[in-house]
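For reference, query-v8.csv (CSV, C-alpha atoms):
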chain,number,residue,atom,x,y,z
A,33,MET,CA,-25.9,13.5,14.1
A,34,ALA,CA,-22.9,11.4,13.3
A,35,PRO,CA,-21.2,11.1,9.9
A,36,GLN,CA,-22.6,8.3,7.7
A,37,ILE,CA,-20.8,5.9,5.4
A,38,ARG,CA,-22.9,5.6,2.3
A,39,GLY,CA,-20.7,2.8,0.9
A,40,THR,CA,-17.2,1.5,0.3
A,41,ARG,CA,-15.4,0.0,-2.6
A,42,THR,CA,-12.4,-2.2,-2.4
A,43,VAL,CA,-9.5,-1.0,-4.6
A,44,HIS,CA,-7.0,-3.6,-3.4
A,45,GLU,CA,-7.1,-6.7,-1.3
A,46,GLY,CA,-3.9,-8.5,-0.1
A,47,TRP,CA,-2.0,-8.3,3.2
A,48,SER,CA,-3.9,-5.0,3.6
A,49,THR,CA,-7.2,-4.0,2.2
A,50,PHE,CA,-7.5,-0.6,0.6
A,51,LEU,CA,-11.0,1.0,0.5
A,52,VAL,CA,-12.5,4.2,-0.7
A,53,ALA,CA,-15.4,5.2,1.6
A,54,ASP,CA,-18.2,7.5,0.5
A,55,LEU,CA,-19.2,9.7,3.5
A,56,THR,CA,-21.9,12.1,4.4
A,57,MET,CA,-20.9,14.5,7.1
A,58,PRO,CA,-23.3,15.9,9.7
A,59,ASP,CA,-23.6,19.2,7.7
A,60,GLY,CA,-24.7,17.2,4.6
A,61,LYS,CA,-21.3,17.6,2.8
A,62,ARG,CA,-20.3,14.5,0.8
A,63,LEU,CA,-16.7,13.3,0.9
A,64,THR,CA,-14.6,10.4,-0.1
A,65,ARG,CA,-11.7,9.0,2.1
A,66,GLU,CA,-9.2,6.3,1.5
A,67,ILE,CA,-8.9,3.7,4.2
A,68,GLU,CA,-6.1,1.1,4.7
A,69,ASP,CA,-7.4,-1.8,6.8
A,70,HIS,CA,-5.4,-4.9,8.0
A,71,GLY,CA,-6.7,-5.4,11.5
A,72,ARG,CA,-5.3,-5.0,15.0
A,73,ALA,CA,-1.6,-5.0,15.9
A,74,VAL,CA,0.7,-5.4,18.9
A,75,CYS,CA,4.2,-4.0,19.8
A,76,VAL,CA,6.5,-4.6,22.8
A,77,LEU,CA,9.7,-3.1,24.0
A,78,PRO,CA,11.6,-6.0,25.7
A,79,TYR,CA,14.1,-4.8,28.3
A,80,ASP,CA,16.4,-6.5,30.8
A,81,PRO,CA,16.3,-4.4,34.0
A,82,GLU,CA,19.4,-6.2,35.5
A,83,ARG,CA,21.7,-5.6,32.5
A,84,ARG,CA,19.9,-2.4,31.5
A,85,VAL,CA,19.5,-3.3,27.8
A,86,ALA,CA,16.6,-3.5,25.4
A,87,LEU,CA,16.0,-5.8,22.5
A,88,LEU,CA,15.2,-4.1,19.2
A,89,ILE,CA,15.1,-5.3,15.6
A,90,GLN,CA,16.4,-3.9,12.3
A,91,GLN,CA,14.8,-4.8,9.0
A,92,PHE,CA,14.1,-3.4,5.5
A,93,ARG,CA,10.8,-1.5,5.2
A,94,ALA,CA,9.8,-0.9,1.5
A,95,PRO,CA,7.7,2.3,2.2
A,96,LEU,CA,10.7,3.9,3.9
A,97,PHE,CA,13.0,3.0,1.0
A,98,TYR,CA,10.5,4.4,-1.4
A,99,ALA,CA,10.1,7.6,0.5
A,100,GLU,CA,13.7,8.4,1.4
A,101,GLY,CA,16.0,5.5,0.5
A,102,VAL,CA,16.2,4.2,4.1
A,103,THR,CA,17.4,0.6,4.0
A,104,GLU,CA,16.9,-0.4,7.7
A,105,LEU,CA,14.7,0.8,10.5
A,106,LEU,CA,15.5,0.2,14.2
A,107,GLU,CA,12.2,-0.7,15.9
A,108,ALA,CA,10.6,-2.6,18.7
A,109,PRO,CA,9.1,-6.0,17.8
A,110,ALA,CA,5.6,-5.7,16.4
A,111,GLY,CA,3.1,-7.4,14.1
A,112,LEU,CA,-0.4,-8.1,13.3
A,113,LEU,CA,-2.6,-9.7,16.0
A,114,ASP,CA,-3.7,-13.2,14.9
A,115,GLU,CA,-4.8,-14.2,18.4
A,116,ALA,CA,-7.8,-13.2,20.4
A,117,ASP,CA,-5.6,-12.1,23.3
A,118,ALA,CA,-3.1,-9.2,22.7
A,119,GLU,CA,-0.7,-10.5,25.3
A,120,ASP,CA,-0.5,-13.9,23.5
A,121,GLY,CA,0.1,-12.1,20.2
A,122,VAL,CA,2.8,-9.8,21.5
A,123,ARG,CA,4.6,-12.8,23.1
A,124,ARG,CA,4.5,-14.6,19.8
A,125,GLU,CA,5.9,-11.6,17.9
A,126,ALA,CA,8.7,-11.1,20.5
A,127,TYR,CA,9.7,-14.7,20.2
A,128,GLU,CA,9.6,-14.9,16.4
A,129,GLU,CA,11.5,-11.6,15.9
A,130,THR,CA,14.0,-11.6,18.8
A,131,GLY,CA,14.0,-15.1,20.3
A,132,VAL,CA,13.0,-13.9,23.7
A,133,ARG,CA,10.4,-15.5,25.9
A,134,LEU,CA,8.4,-12.9,27.7
A,135,THR,CA,6.3,-13.7,30.8
A,136,ARG,CA,5.7,-10.3,32.5
A,137,LEU,CA,4.0,-7.7,30.3
A,138,ASP,CA,3.2,-4.2,31.3
A,139,PRO,CA,0.4,-2.7,29.1
A,140,VAL,CA,1.1,0.9,28.0
A,141,SER,CA,-1.8,1.9,25.7
A,142,SER,CA,-4.0,0.9,22.8
A,143,VAL,CA,-3.4,3.5,20.1
A,144,TRP,CA,-4.4,4.4,16.6
A,145,SER,CA,-1.2,4.2,14.6
A,146,MET,CA,-2.1,6.4,11.7
A,147,PRO,CA,-5.7,7.6,12.1
A,148,GLY,CA,-5.7,9.7,9.0
A,149,ILE,CA,-5.4,6.7,6.7
A,150,SER,CA,-5.4,3.4,8.6
A,151,SER,CA,-7.9,1.5,10.8
A,152,GLU,CA,-5.0,-0.1,12.7
A,153,ARG,CA,-5.3,-0.1,16.4
A,154,MET,CA,-2.0,-1.2,18.1
A,155,GLN,CA,-1.6,-2.4,21.7
A,156,LEU,CA,1.7,-1.3,23.2
A,157,PHE,CA,3.5,-3.2,26.0
A,158,LEU,CA,6.8,-3.1,27.9
A,159,GLY,CA,8.2,-6.6,28.6
A,160,ALA,CA,10.8,-7.3,31.2
A,161,TYR,CA,13.1,-10.3,30.5
A,162,ALA,CA,16.3,-11.8,31.9
A,163,GLU,CA,19.3,-13.0,30.0
A,164,GLY,CA,18.1,-16.6,30.3
A,165,ASP,CA,14.9,-15.8,28.5
A,166,ARG,CA,16.6,-15.5,25.1
A,167,ILE,CA,15.9,-19.0,24.1
A,168,GLY,CA,15.3,-18.8,20.3
A,169,PRO,CA,17.2,-17.5,17.3
A,170,GLY,CA,14.8,-14.7,16.4
A,171,GLY,CA,15.1,-13.1,13.0
A,172,GLY,CA,11.5,-13.4,12.0
A,173,LEU,CA,9.7,-15.9,9.8
A,174,ALA,CA,11.5,-16.9,6.5
A,175,ASP,CA,8.2,-17.8,4.9
A,176,GLU,CA,7.0,-14.2,5.4
A,177,GLY,CA,10.1,-12.8,3.9
A,178,GLU,CA,11.3,-11.4,7.2
A,179,ASP,CA,15.0,-10.8,7.4
A,180,ILE,CA,15.4,-9.4,10.8
A,181,THR,CA,18.6,-8.5,12.7
A,182,VAL,CA,18.2,-8.6,16.5
A,183,VAL,CA,19.9,-5.7,18.3
A,184,GLU,CA,20.5,-5.7,22.0
A,185,MET,CA,21.2,-2.1,23.0
A,186,PRO,CA,22.1,-0.4,26.3
A,187,LEU,CA,19.2,1.6,27.7
A,188,SER,CA,21.5,4.6,27.9
A,189,ARG,CA,22.1,4.5,24.1
A,190,LEU,CA,18.3,4.0,23.5
A,191,ALA,CA,17.6,7.1,25.7
A,192,ALA,CA,20.3,9.1,23.9
A,193,MET,CA,18.8,8.1,20.5
A,194,SER,CA,15.3,9.2,21.6
A,195,ASP,CA,16.7,12.6,22.8
A,196,SER,CA,18.7,13.2,19.7
A,197,GLY,CA,16.0,12.3,17.2
A,198,GLU,CA,17.8,9.3,15.9
A,199,LEU,CA,15.0,7.0,17.0
A,200,THR,CA,12.5,7.5,14.1
A,201,ASP,CA,10.0,4.7,14.5
A,202,LEU,CA,7.0,6.2,16.4
A,203,LYS,CA,5.9,3.1,18.3
A,204,THR,CA,9.5,2.5,19.5
A,205,LEU,CA,9.8,6.1,20.5
A,206,ALA,CA,6.6,6.0,22.5
A,207,LEU,CA,7.6,2.8,24.3
A,208,THR,CA,11.0,4.2,25.1
A,209,PHE,CA,9.4,7.3,26.7
A,210,ALA,CA,7.0,5.0,28.6
A,211,LEU,CA,9.9,2.9,29.9
A,212,ARG,CA,11.8,6.1,30.9
A,213,LEU,CA,8.7,7.4,32.7
A,214,ARG,CA,7.8,4.2,34.5
A,215,HIS,CA,11.3,3.1,35.4
A,216,PRO,CA,13.6,6.1,35.6
A,217,ALA,CA,16.1,4.3,37.8
A,218,LEU,CA,17.0,2.1,34.8
A,219,PHE,CA,18.3,5.3,33.1
A,220,ALA,CA,20.0,6.9,36.2
A,221,GLY,CA,23.5,8.0,35.3
A,222,ALA,CA,22.9,7.5,31.6

Could you rewrite the structure in this file as structure tokens?
Amino acid sequence: MAPQIRGTRTVHEGWSTFLVADLTMPDGKRLTREIEDHGRAVCVLPYDPERRVALLIQQFRAPLFYAEGVTELLEAPAGLLDEADAEDGVRREAYEETGVRLTRLDPVSSVWSMPGISSERMQLFLGAYAEGDRIGPGGGLADEGEDITVVEMPLSRLAAMSDSGELTDLKTLALTFALRLRHPALFAGA
């Protein structure tokens, strides 16, 4: 017998919806659980295999500032999926945030980002680009309050940050590991 949701109540509705679910577990035990729901998401690590660099972004994240006073987070471009196709969505996010046009995408995985609290399922990609594919300004959308700084970083530095624990965004760390596993020659001598 599977758990059953007896009902939910919405406690906040905005960019995300916050619910409280009343559950009955297979053993009959009754529980309540909080759920954050905002839909599917996408993330990509754009990298230039010729120049051996990656495109990342830095921006203010209010939850991190609240938790530890962190004012900027280095991360791979990501966002909510508005399109039916994840590849279309990740291309849009990469262009909005970094100004890069991605054509070739390499799917990595579809993951639950925070299964203890969130229903978000995020599709992760690697995206090869060339210097000429940086055709837009990036920086995010002003009407969404995004104030994004684009950072082009040597892959050797990205690897060193992942090894030292400096890379603290989980999706970016996972994509960095995926790139290192799939294309170790890009990091040779790093």

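Comparing the minimum interatomic distances between Tyr161 of chain A and each of A:Arg124, A:Arg189, A:Arg93, A:Arg83, counting all atoms listed in the file, we find that A:Arg83 sits nearest.
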
Hey, could you make a per-residue contact list for segment 50-164 of chain A against segment 176-185 of chain A with 7 Å as the cut-off, showing the nearest pair of atoms and its distance in Å to one decimal, counting only C-alpha atoms, sorted by chain and number, as CSV?
residue,atom,partner,partner_atom,distance
A:Val85,CA,A:Met185,CA,5.2
A:Ala86,CA,A:Met185,CA,5.4
A:Leu87,CA,A:Glu184,CA,4.5
A:Leu88,CA,A:Val183,CA,5.0
A:Ile89,CA,A:Val182,CA,4.6
A:Gln90,CA,A:Thr181,CA,5.1
A:Gln91,CA,A:Ile180,CA,5.0
A:Glu129,CA,A:Ile180,CA,6.8
A:Thr130,CA,A:Val182,CA,5.7

Atom pair atom CA of Asp69 of chain A + atom CA of Gly111 of chain A, distance 14.0 Å

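The spacing separating atom CA of Gly131 of chain A from atom CA of Gly159 of chain A amounts to 13.2 Å.
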
Closest-contact table, segment 119-152 of chain A side, partner segment 195-219 of chain A, 10 Å, counting all atoms listed in the file, as JSON lines:
{"residue": "A:Asp138", "atom": "CA", "partner": "A:Leu211", "partner_atom": "CA", "distance": 9.9}
{"residue": "A:Val140", "atom": "CA", "partner": "A:Ala210", "partner_atom": "CA", "distance": 7.2}
{"residue": "A:Ser141", "atom": "CA", "partner": "A:Leu207", "partner_atom": "CA", "distance": 9.5}
{"residue": "A:Val143", "atom": "CA", "partner": "A:Lys203", "partner_atom": "CA", "distance": 9.5}
{"residue": "A:Ser145", "atom": "CA", "partner": "A:Lys203", "partner_atom": "CA", "distance": 8.1}

Given all atoms listed in the file as the basis, pick out the residue of A:Phe50, A:Arg62, A:Ile167, A:Tyr98 nearest to Arg38 of chain A. A:Arg62

Starting from the point (14.2, -5.5, 33.6), work out which residues of protein, DNA or RNA have an atom no more than 6 Å away when counting all atoms listed in the file; state them as a PyMOL selection string. chain A and resi 79-82+160-161

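Of note, atom CA of Thr135 of chain A and atom CA of Gly71 of chain A are spaced 24.7 Å apart.
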
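Ranking A:Ala126, A:Met146, A:Leu113, A:Ala192 by their shortest atom-to-atom distance to Ala73 of chain A, with all atoms listed in the file included, puts A:Leu113 first.
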
Can you list, as a PyMOL selection string, every protein, DNA or RNA residue that comes within 6 Å of Leu158 of chain A when you count only C-alpha atoms, leaving out same-chain residues fewer than 4 positions away? chain A and resi 76-77+137-138

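Using only C-alpha atoms, the protein and nucleic acid residues lying no more than 12 Å from Ala118 of chain A, apart from those fewer than 2 places from it along its own chain, are Arg72, Ala73, Val74, Cys75, Val76, Ala110, Gly111, Leu112, Leu113, Asp114, Glu115, Ala116, Asp120, Gly121, Val122, Arg123, Arg124, Glu125, Leu137, Asp138, Pro139, Ser141, Ser142, Arg153, Met154, Gln155, Leu156 and Phe157 of chain A.
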
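Every protein or nucleic acid residue with an atom no more than 10 Å from Arg166 of chain A, counting all atoms listed in the file and leaving out same-chain residues fewer than 2 positions away, appears here: Tyr127, Thr130, Gly131, Val132, Arg133, Leu134, Tyr161, Ala162, Glu163, Gly164, Gly168, Pro169 and Gly170 of chain A.
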
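Distances to Pro78 of chain A were evaluated for A:Ala191, A:Ile149, A:Ala108, A:Ala34 using all atoms listed in the file, and the minimum falls at A:Ala108.
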
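Counting only C-alpha atoms, segment 53-60 of chain A has the following residues at most 12 Å away, ignoring those fewer than 4 positions along the same chain: A:Met33, A:Ala34, A:Pro35, A:Gln36, A:Ile37, A:Arg38, A:Gly39, A:Thr40, A:Arg41, A:Thr42, A:Val43, A:Thr64, A:Arg65, A:Glu66, A:Ile67, A:Glu68, A:Asp69, A:Ile149.
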
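Comparing A:Ala94, A:Leu63, A:Pro109, A:Arg136 by their smallest distance to Asp165 of chain A, the closest is A:Arg136 (using only C-alpha atoms).
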
Which residue out of A:Ala99, A:His70, A:Leu106, A:His44 has the minimum interatomic distance to Glu152 of chain A when all atoms listed in the file are used? A:His70

Complete the atoms of segment 78-89 of chain A to all heavy atoms and put them out as an mmCIF file, keeping the file's coordinate frame.
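Resulting contents of selection-v3.cif:
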data_model
loop_
_atom_site.group_PDB
_atom_site.id
_atom_site.type_symbol
_atom_site.label_atom_id
_atom_site.label_comp_id
_atom_site.auth_asym_id
_atom_site.auth_seq_id
_atom_site.Cartn_x
_atom_site.Cartn_y
_atom_site.Cartn_z
ATOM 1 N N PRO A 78 10.996 -5.137 24.678
ATOM 2 C CA PRO A 78 11.600 -6.000 25.700
ATOM 3 C C PRO A 78 12.836 -5.340 26.283
ATOM 4 O O PRO A 78 13.667 -4.767 25.557
ATOM 5 C CB PRO A 78 12.032 -7.244 24.850
ATOM 6 C CG PRO A 78 11.364 -7.114 23.525
ATOM 7 C CD PRO A 78 11.153 -5.648 23.324
ATOM 8 N N TYR A 79 12.941 -5.413 27.608
ATOM 9 C CA TYR A 79 14.100 -4.800 28.300
ATOM 10 C C TYR A 79 14.520 -5.684 29.442
ATOM 11 O O TYR A 79 13.695 -6.343 30.085
ATOM 12 C CB TYR A 79 13.768 -3.386 28.758
ATOM 13 C CG TYR A 79 12.770 -3.343 29.883
ATOM 14 C CD1 TYR A 79 13.186 -3.228 31.209
ATOM 15 C CD2 TYR A 79 11.412 -3.442 29.636
ATOM 16 C CE1 TYR A 79 12.270 -3.215 32.255
ATOM 17 C CE2 TYR A 79 10.488 -3.434 30.674
ATOM 18 C CZ TYR A 79 10.920 -3.317 31.977
ATOM 19 O OH TYR A 79 10.023 -3.318 33.007
ATOM 20 N N ASP A 80 15.809 -5.707 29.680
ATOM 21 C CA ASP A 80 16.400 -6.500 30.800
ATOM 22 C C ASP A 80 16.762 -5.468 31.873
ATOM 23 O O ASP A 80 17.719 -4.706 31.720
ATOM 24 C CB ASP A 80 17.613 -7.242 30.301
ATOM 25 C CG ASP A 80 18.274 -8.081 31.381
ATOM 26 O OD1 ASP A 80 18.130 -7.760 32.584
ATOM 27 O OD2 ASP A 80 18.962 -9.046 31.019
ATOM 28 N N PRO A 81 16.011 -5.442 32.992
ATOM 29 C CA PRO A 81 16.300 -4.400 34.000
ATOM 30 C C PRO A 81 17.600 -4.691 34.772
ATOM 31 O O PRO A 81 18.176 -3.747 35.316
ATOM 32 C CB PRO A 81 15.088 -4.579 34.976
ATOM 33 C CG PRO A 81 14.526 -5.925 34.729
ATOM 34 C CD PRO A 81 14.847 -6.275 33.305
ATOM 35 N N GLU A 82 18.089 -5.914 34.779
ATOM 36 C CA GLU A 82 19.400 -6.200 35.500
ATOM 37 C C GLU A 82 20.553 -5.689 34.678
ATOM 38 O O GLU A 82 21.443 -5.055 35.226
ATOM 39 C CB GLU A 82 19.498 -7.714 35.719
ATOM 40 C CG GLU A 82 18.467 -8.276 36.672
ATOM 41 C CD GLU A 82 18.540 -7.655 38.055
ATOM 42 O OE1 GLU A 82 19.657 -7.466 38.575
ATOM 43 O OE2 GLU A 82 17.466 -7.330 38.605
ATOM 44 N N ARG A 83 20.563 -6.004 33.388
ATOM 45 C CA ARG A 83 21.700 -5.600 32.500
ATOM 46 C C ARG A 83 21.480 -4.231 31.894
ATOM 47 O O ARG A 83 22.356 -3.720 31.230
ATOM 48 C CB ARG A 83 21.953 -6.664 31.476
ATOM 49 C CG ARG A 83 22.393 -7.993 32.084
ATOM 50 C CD ARG A 83 22.707 -9.056 31.031
ATOM 51 N NE ARG A 83 21.571 -9.280 30.152
ATOM 52 C CZ ARG A 83 21.641 -9.230 28.818
ATOM 53 N NH1 ARG A 83 22.764 -8.982 28.203
ATOM 54 N NH2 ARG A 83 20.551 -9.446 28.098
ATOM 55 N N ARG A 84 20.272 -3.680 32.054
ATOM 56 C CA ARG A 84 19.900 -2.400 31.500
ATOM 57 C C ARG A 84 20.127 -2.307 29.981
ATOM 58 O O ARG A 84 20.812 -1.429 29.458
ATOM 59 C CB ARG A 84 20.660 -1.243 32.212
ATOM 60 C CG ARG A 84 20.275 -1.135 33.671
ATOM 61 C CD ARG A 84 20.960 0.026 34.332
ATOM 62 N NE ARG A 84 20.612 0.049 35.750
ATOM 63 C CZ ARG A 84 20.786 1.085 36.522
ATOM 64 N NH1 ARG A 84 21.301 2.181 36.046
ATOM 65 N NH2 ARG A 84 20.437 1.023 37.784
ATOM 66 N N VAL A 85 19.489 -3.258 29.305
ATOM 67 C CA VAL A 85 19.500 -3.300 27.800
ATOM 68 C C VAL A 85 18.105 -3.517 27.331
ATOM 69 O O VAL A 85 17.208 -3.946 28.070
ATOM 70 C CB VAL A 85 20.442 -4.443 27.319
ATOM 71 C CG1 VAL A 85 21.890 -4.199 27.705
ATOM 72 C CG2 VAL A 85 19.971 -5.809 27.785
ATOM 73 N N ALA A 86 17.901 -3.240 26.062
ATOM 74 C CA ALA A 86 16.600 -3.500 25.400
ATOM 75 C C ALA A 86 16.891 -4.296 24.131
ATOM 76 O O ALA A 86 17.985 -4.227 23.554
ATOM 77 C CB ALA A 86 15.946 -2.168 25.019
ATOM 78 N N LEU A 87 15.896 -5.068 23.721
ATOM 79 C CA LEU A 87 16.000 -5.800 22.500
ATOM 80 C C LEU A 87 15.165 -5.094 21.406
ATOM 81 O O LEU A 87 13.969 -4.861 21.580
ATOM 82 C CB LEU A 87 15.397 -7.228 22.647
ATOM 83 C CG LEU A 87 16.287 -8.277 23.259
ATOM 84 C CD1 LEU A 87 15.529 -9.594 23.402
ATOM 85 C CD2 LEU A 87 17.544 -8.478 22.443
ATOM 86 N N LEU A 88 15.838 -4.765 20.322
ATOM 87 C CA LEU A 88 15.200 -4.100 19.200
ATOM 88 C C LEU A 88 15.485 -4.952 17.949
ATOM 89 O O LEU A 88 16.281 -5.893 17.991
ATOM 90 C CB LEU A 88 15.726 -2.699 19.010
ATOM 91 C CG LEU A 88 15.487 -1.766 20.199
ATOM 92 C CD1 LEU A 88 16.315 -0.507 20.058
ATOM 93 C CD2 LEU A 88 14.020 -1.440 20.331
ATOM 94 N N ILE A 89 14.851 -4.599 16.868
ATOM 95 C CA ILE A 89 15.100 -5.300 15.600
ATOM 96 C C ILE A 89 15.426 -4.257 14.526
ATOM 97 O O ILE A 89 15.058 -3.084 14.633
ATOM 98 C CB ILE A 89 13.900 -6.152 15.179
ATOM 99 C CG1 ILE A 89 12.659 -5.282 14.955
ATOM 100 C CG2 ILE A 89 13.635 -7.244 16.202
ATOM 101 C CD1 ILE A 89 11.531 -5.977 14.239
#
